>>> print(open('protein-v9.txt').read())   # compact mmCIF, C-alpha atoms
# COMPACT_ATOMS: atom_id res chain seq x y z
CA MET T 1 7.85 19.99 -2.36
CA ASN T 2 5.21 17.26 -1.98
CA TYR T 3 7.11 14.39 -3.62
CA THR T 4 10.59 12.93 -3.65
CA PRO T 5 12.06 11.61 -6.92
CA LEU T 6 11.52 7.86 -7.15
CA ASN T 7 15.24 7.17 -7.53
CA GLU T 8 15.84 8.86 -4.14
CA LEU T 9 13.51 6.44 -2.36
CA LYS T 10 15.45 4.28 0.11
CA ASN T 11 14.21 1.08 -1.56
CA ALA T 12 13.88 2.37 -5.12
CA TRP T 13 15.31 -0.95 -6.31
CA ILE T 14 11.89 -2.57 -5.82
CA PHE T 15 10.59 -0.60 -8.78
CA LYS T 16 13.60 -1.47 -10.94
CA HIS T 17 13.80 -5.19 -10.25
CA LYS T 18 14.64 -6.98 -13.51
CA SER T 19 12.22 -9.84 -12.85
CA LEU T 20 9.33 -7.38 -12.35
CA PRO T 21 9.76 -4.65 -14.96
CA ILE T 22 7.55 -1.57 -14.81
CA ALA T 23 6.66 0.56 -17.83
CA ASP T 24 8.13 4.08 -17.77
CA SER T 25 4.60 5.51 -17.96
CA ASP T 26 3.76 3.69 -14.70
CA LEU T 27 7.05 4.65 -13.03
CA GLN T 28 6.18 8.30 -13.60
CA LYS T 29 2.95 7.78 -11.65
CA ILE T 30 4.63 6.17 -8.61
CA LYS T 31 5.28 9.17 -6.37
CA PRO T 32 6.98 8.83 -2.99
CA MET T 33 5.77 11.61 -0.72
CA SER T 34 8.13 14.04 0.95
CA THR T 35 8.63 13.31 4.64
CA ALA T 36 6.45 16.27 5.66
CA ARG T 37 3.58 15.28 3.38
CA ALA T 38 3.85 11.59 4.35
CA ASN T 39 3.73 12.54 8.04
CA THR T 40 0.60 14.63 7.48
CA LEU T 41 -1.17 11.87 5.53
CA TRP T 42 -0.20 9.23 8.12
CA ASP T 43 -1.38 11.40 11.01
CA THR T 44 -4.66 12.21 9.24
CA PHE T 45 -5.60 8.79 7.87
CA ILE T 46 -3.56 6.11 9.65
CA SER T 47 -2.46 6.99 13.21
CA LYS T 48 -1.55 9.95 15.38
CA GLN T 49 -0.12 7.58 18.00
CA VAL T 50 2.45 5.39 16.24
CA ASP T 51 4.86 5.68 13.34
CA HIS T 52 4.83 2.08 12.04
CA PRO T 53 2.18 -0.65 11.59
CA ASP T 54 4.04 -2.91 14.05
CA PHE T 55 3.04 -0.57 16.86
CA PHE T 56 -0.68 0.02 16.25
CA LYS T 57 -2.54 0.17 19.54
CA LYS T 58 -5.96 0.83 21.04
CA GLY T 59 -7.35 3.97 19.46
CA ASP T 60 -5.92 3.22 15.99
CA TRP T 61 -8.58 2.04 13.53
CA ALA T 62 -6.11 -0.50 12.10
CA PHE T 63 -5.70 -2.05 15.58
CA ASN T 64 -9.46 -2.62 15.95
CA LYS T 65 -10.32 -6.24 15.13
CA GLU T 66 -13.72 -5.12 13.82
CA THR T 67 -11.98 -3.17 11.03
CA TRP T 68 -10.83 -6.39 9.38
CA VAL T 69 -13.38 -8.75 7.86
CA GLU T 70 -11.32 -11.40 6.11
CA THR T 71 -7.76 -12.65 5.63
CA ASP T 72 -6.18 -14.42 2.68
CA ASN T 73 -2.75 -15.16 1.27
CA TRP T 74 -0.96 -12.86 -1.20
CA GLU T 75 2.40 -14.64 -1.25
CA LYS T 76 1.29 -17.67 -3.30
CA ARG T 77 0.03 -15.36 -6.07
CA TRP T 78 3.17 -13.20 -5.75
CA ASP T 79 5.39 -16.27 -6.26
CA SER T 80 3.37 -17.45 -9.26
CA GLU T 81 3.43 -16.33 -12.88
CA GLU T 82 -0.02 -14.76 -12.37
CA SER T 83 0.07 -10.97 -12.48
CA ASP T 84 -3.47 -10.28 -11.24
CA LEU T 85 -4.20 -9.33 -7.65
CA PRO T 86 -5.42 -12.12 -5.37
CA ALA T 87 -9.16 -12.59 -6.01
CA LEU T 88 -10.36 -11.58 -2.53
CA MET T 89 -8.48 -8.29 -2.75
CA ALA T 90 -9.73 -7.55 -6.26
CA GLU T 91 -13.32 -8.26 -5.18
CA HIS T 92 -13.03 -6.12 -2.05
CA ILE T 93 -11.62 -3.09 -3.83
CA ASN T 94 -13.79 -2.00 -6.71
CA TRP T 95 -12.27 1.43 -7.32
CA ASP T 96 -12.08 3.36 -10.58
CA ALA T 97 -8.77 2.97 -12.41
CA ASN T 98 -7.70 6.55 -11.68
CA THR T 99 -8.55 6.49 -7.96
CA VAL T 100 -5.61 7.96 -6.06
CA ILE T 101 -4.19 5.43 -3.62
CA TYR T 102 -1.66 5.62 -0.82
CA PHE T 103 0.64 2.74 0.04
CA CYS T 104 1.63 3.46 3.64
CA THR T 105 4.60 1.61 5.11
CA ALA T 106 5.47 4.03 7.93
CA ARG T 107 4.80 7.61 9.02
CA ASN T 108 7.64 8.91 6.85
CA ASN T 109 7.18 6.48 3.95
CA VAL T 110 4.00 6.84 1.89
CA ILE T 111 3.79 6.31 -1.85
CA GLU T 112 1.01 7.80 -3.95
CA THR T 113 -0.12 6.33 -7.25
CA THR T 114 -3.36 5.30 -8.95
CA TRP T 115 -5.34 2.12 -8.43
CA ASN T 116 -4.62 1.00 -11.98
CA VAL T 117 -0.85 1.43 -11.55
CA PHE T 118 -0.94 -0.39 -8.21
CA LYS T 119 -2.86 -3.31 -9.76
CA ARG T 120 -0.22 -3.64 -12.49
CA CYS T 121 2.76 -3.22 -10.12
CA TRP T 122 1.49 -4.74 -6.86
CA LYS T 123 4.24 -7.34 -6.79
CA ASN T 124 6.87 -4.60 -6.72
CA PHE T 125 5.11 -2.79 -3.89
CA LEU T 126 4.94 -5.98 -1.84
CA PHE T 127 8.67 -6.14 -1.41
CA MET T 128 7.55 -3.78 1.40
CA ASP T 129 5.14 -6.14 3.15
CA ASP T 130 5.83 -5.33 6.78
CA GLY T 131 2.28 -4.36 7.74
CA SER T 132 1.89 -1.86 4.90
CA ILE T 133 -1.58 -0.41 4.51
CA LEU T 134 -3.27 0.46 1.24
CA ILE T 135 -5.94 3.15 1.33
CA GLY T 136 -7.74 5.07 -1.39
CA LYS T 137 -8.46 8.77 -1.44
CA LYS T 138 -11.99 9.29 -0.11
CA ARG T 139 -12.52 5.50 0.07
CA LYS T 140 -13.30 3.30 3.08
CA GLU T 141 -11.96 -0.02 1.76
CA THR T 142 -8.48 -0.90 2.98
CA VAL T 143 -5.94 -3.70 2.80
CA GLN T 144 -3.06 -4.51 5.12
CA PHE T 145 -0.18 -6.63 3.83
CA LEU T 146 1.57 -8.79 6.40
CA SER T 147 5.08 -10.19 6.21
CA ASN T 148 3.76 -13.72 6.87
CA GLY T 149 2.35 -13.74 3.32
CA ASN T 150 -1.23 -12.87 4.28
CA PHE T 151 -3.34 -9.77 3.78
CA LYS T 152 -6.40 -8.48 5.61
CA ILE T 153 -9.28 -6.64 3.97
CA GLY T 154 -11.49 -4.24 5.82
CA GLN T 155 -13.25 -0.92 6.11
CA LYS T 156 -11.71 2.10 7.80
CA PRO T 157 -13.98 4.45 9.70
>>> encode(input="protein-v9.txt", output="structure tokens")
Amino acid sequence: MNYTPLNELKNAWIFKHKSLPIADSDLQKIKPMSTARANTLWDTFISKQVDHPDFFKKGDWAFNKETWVETDNWEKRWDSEESDLPALMAEHINWDANTVIYFCTARNNVIETTWNVFKRCWKNFLFMDDGSILIGKKRKETVQFLSNGNFKIGQKP
């Protein structure tokens, strides 16, 4: 099985938070990966060396300072009534609505959805802001969300 039911996700509450409701049609498209599939995706696209963003090291593309081109704040927008992504992020990622994306918080915790769903529900996802990396299927643009309220945009190799 490639996916785990959303309600079995350790922090499923982030997608059911009353202050940030998500349409049922979007909930159906938020698919936590099984541990085996998440491990494979992480090893293939994130790191074969470490299991969490806190531990990136030399040899990991996300560790390389040249990967990241600019930093901005996501937390101010998150705390506001605005629902749109921060402008720098929206400008950096110009993907089609149905582009498959992966929100990677750790080797065993990857969530698959579409770019459109992520854009609508990004505030829910950012309850998991501890270095999480957003990548798109067959895309080079990437974003890393930091727990200090900032995000970095860049290009993965």
>>> residues_near_point(input="protein-v9.txt", point="(1.5, -10.3, 5.6)", cutoff="12 Å", atoms="only C-alpha atoms", output="count of residues only")
28
>>> closest_residue(input="protein-v9.txt", among="T:Ile14, T:Pro157, T:Pro32, T:Leu27", to="Ile111 of chain T", atoms="all atoms listed in the file")
T:Pro32
>>> closest_residue(input="protein-v9.txt", among="T:Lys138, T:Arg77, T:Lys156, T:Arg120", to="Ser25 of chain T", atoms="only C-alpha atoms")
T:Arg120
>>> closest_residue(input="protein-v9.txt", among="T:Leu9, T:Ala23, T:Met1, T:Ala106", to="Ala36 of chain T", atoms="only C-alpha atoms")
T:Met1
>>> closest_residue(input="protein-v9.txt", among="T:Trp122, T:Ser34, T:Ser47, T:Thr105", to="Pro5 of chain T", atoms="only C-alpha atoms")
T:Ser34
>>> residues_around(input="protein-v9.txt", residues="Thr114 of chain T", least_positions_apart="2", cutoff="8 Å", atoms="all atoms listed in the file", output="mmCIF file with C-alpha atoms, keeping the file's coordinate frame")
data_model
loop_
_atom_site.group_PDB
_atom_site.id
_atom_site.type_symbol
_atom_site.label_atom_id
_atom_site.label_comp_id
_atom_site.auth_asym_id
_atom_site.auth_seq_id
_atom_site.Cartn_x
_atom_site.Cartn_y
_atom_site.Cartn_z
ATOM 1 C CA LYS T 29 2.950 7.780 -11.650
ATOM 2 C CA ALA T 97 -8.770 2.970 -12.410
ATOM 3 C CA ASN T 98 -7.700 6.550 -11.680
ATOM 4 C CA THR T 99 -8.550 6.490 -7.960
ATOM 5 C CA VAL T 100 -5.610 7.960 -6.060
ATOM 6 C CA ILE T 101 -4.190 5.430 -3.620
ATOM 7 C CA GLU T 112 1.010 7.800 -3.950
ATOM 8 C CA ASN T 116 -4.620 1.000 -11.980
ATOM 9 C CA VAL T 117 -0.850 1.430 -11.550
ATOM 10 C CA PHE T 118 -0.940 -0.390 -8.210
#
>>> atom_distance(input="protein-v9.txt", atom1="atom CA of Glu141 of chain T", atom2="atom CA of Ile93 of chain T")
6.4 Å
>>> atom_distance(input="protein-v9.txt", atom1="atom CA of Phe56 of chain T", atom2="atom CA of Leu134 of chain T")
15.2 Å
>>> atom_distance(input="protein-v9.txt", atom1="atom CA of Trp115 of chain T", atom2="atom CA of Glu66 of chain T")
24.9 Å
>>> build_atoms(input="protein-v9.txt", residues="segment 26-42 of chain T", atoms="N, CA and C atoms", output="CSV table (one decimal), in the coordinates of the input")
chain,number,residue,atom,x,y,z
T,26,ASP,N,4.2,4.0,-16.1
T,26,ASP,CA,3.8,3.7,-14.7
T,26,ASP,C,4.8,4.2,-13.7
T,27,LEU,N,6.0,4.1,-14.0
T,27,LEU,CA,7.0,4.6,-13.0
T,27,LEU,C,6.8,6.1,-12.8
T,28,GLN,N,6.4,6.9,-13.8
T,28,GLN,CA,6.2,8.3,-13.6
T,28,GLN,C,5.0,8.6,-12.7
T,29,LYS,N,4.1,7.6,-12.5
T,29,LYS,CA,3.0,7.8,-11.6
T,29,LYS,C,3.1,7.2,-10.2
T,30,ILE,N,4.3,6.7,-9.9
T,30,ILE,CA,4.6,6.2,-8.6
T,30,ILE,C,5.4,7.3,-7.9
T,31,LYS,N,4.7,7.9,-6.9
T,31,LYS,CA,5.3,9.2,-6.4
T,31,LYS,C,5.5,9.1,-4.9
T,32,PRO,N,6.7,8.8,-4.4
T,32,PRO,CA,7.0,8.8,-3.0
T,32,PRO,C,6.7,10.2,-2.4
T,33,MET,N,6.1,10.3,-1.3
T,33,MET,CA,5.8,11.6,-0.7
T,33,MET,C,7.0,12.1,0.0
T,34,SER,N,7.1,13.4,0.1
T,34,SER,CA,8.1,14.0,1.0
T,34,SER,C,7.8,13.6,2.4
T,35,THR,N,8.8,13.7,3.2
T,35,THR,CA,8.6,13.3,4.6
T,35,THR,C,7.5,14.1,5.3
T,36,ALA,N,7.5,15.4,5.1
T,36,ALA,CA,6.4,16.3,5.7
T,36,ALA,C,5.1,15.9,5.2
T,37,ARG,N,4.9,15.6,3.9
T,37,ARG,CA,3.6,15.3,3.4
T,37,ARG,C,3.2,13.9,3.9
T,38,ALA,N,4.1,12.9,3.9
T,38,ALA,CA,3.8,11.6,4.4
T,38,ALA,C,3.4,11.6,5.8
T,39,ASN,N,4.1,12.4,6.6
T,39,ASN,CA,3.7,12.5,8.0
T,39,ASN,C,2.3,13.1,8.2
T,40,THR,N,1.9,14.1,7.4
T,40,THR,CA,0.6,14.6,7.5
T,40,THR,C,-0.4,13.6,7.1
T,41,LEU,N,-0.2,12.9,6.0
T,41,LEU,CA,-1.2,11.9,5.5
T,41,LEU,C,-1.3,10.8,6.6
T,42,TRP,N,-0.2,10.3,7.1
T,42,TRP,CA,-0.2,9.2,8.1
T,42,TRP,C,-1.0,9.7,9.3
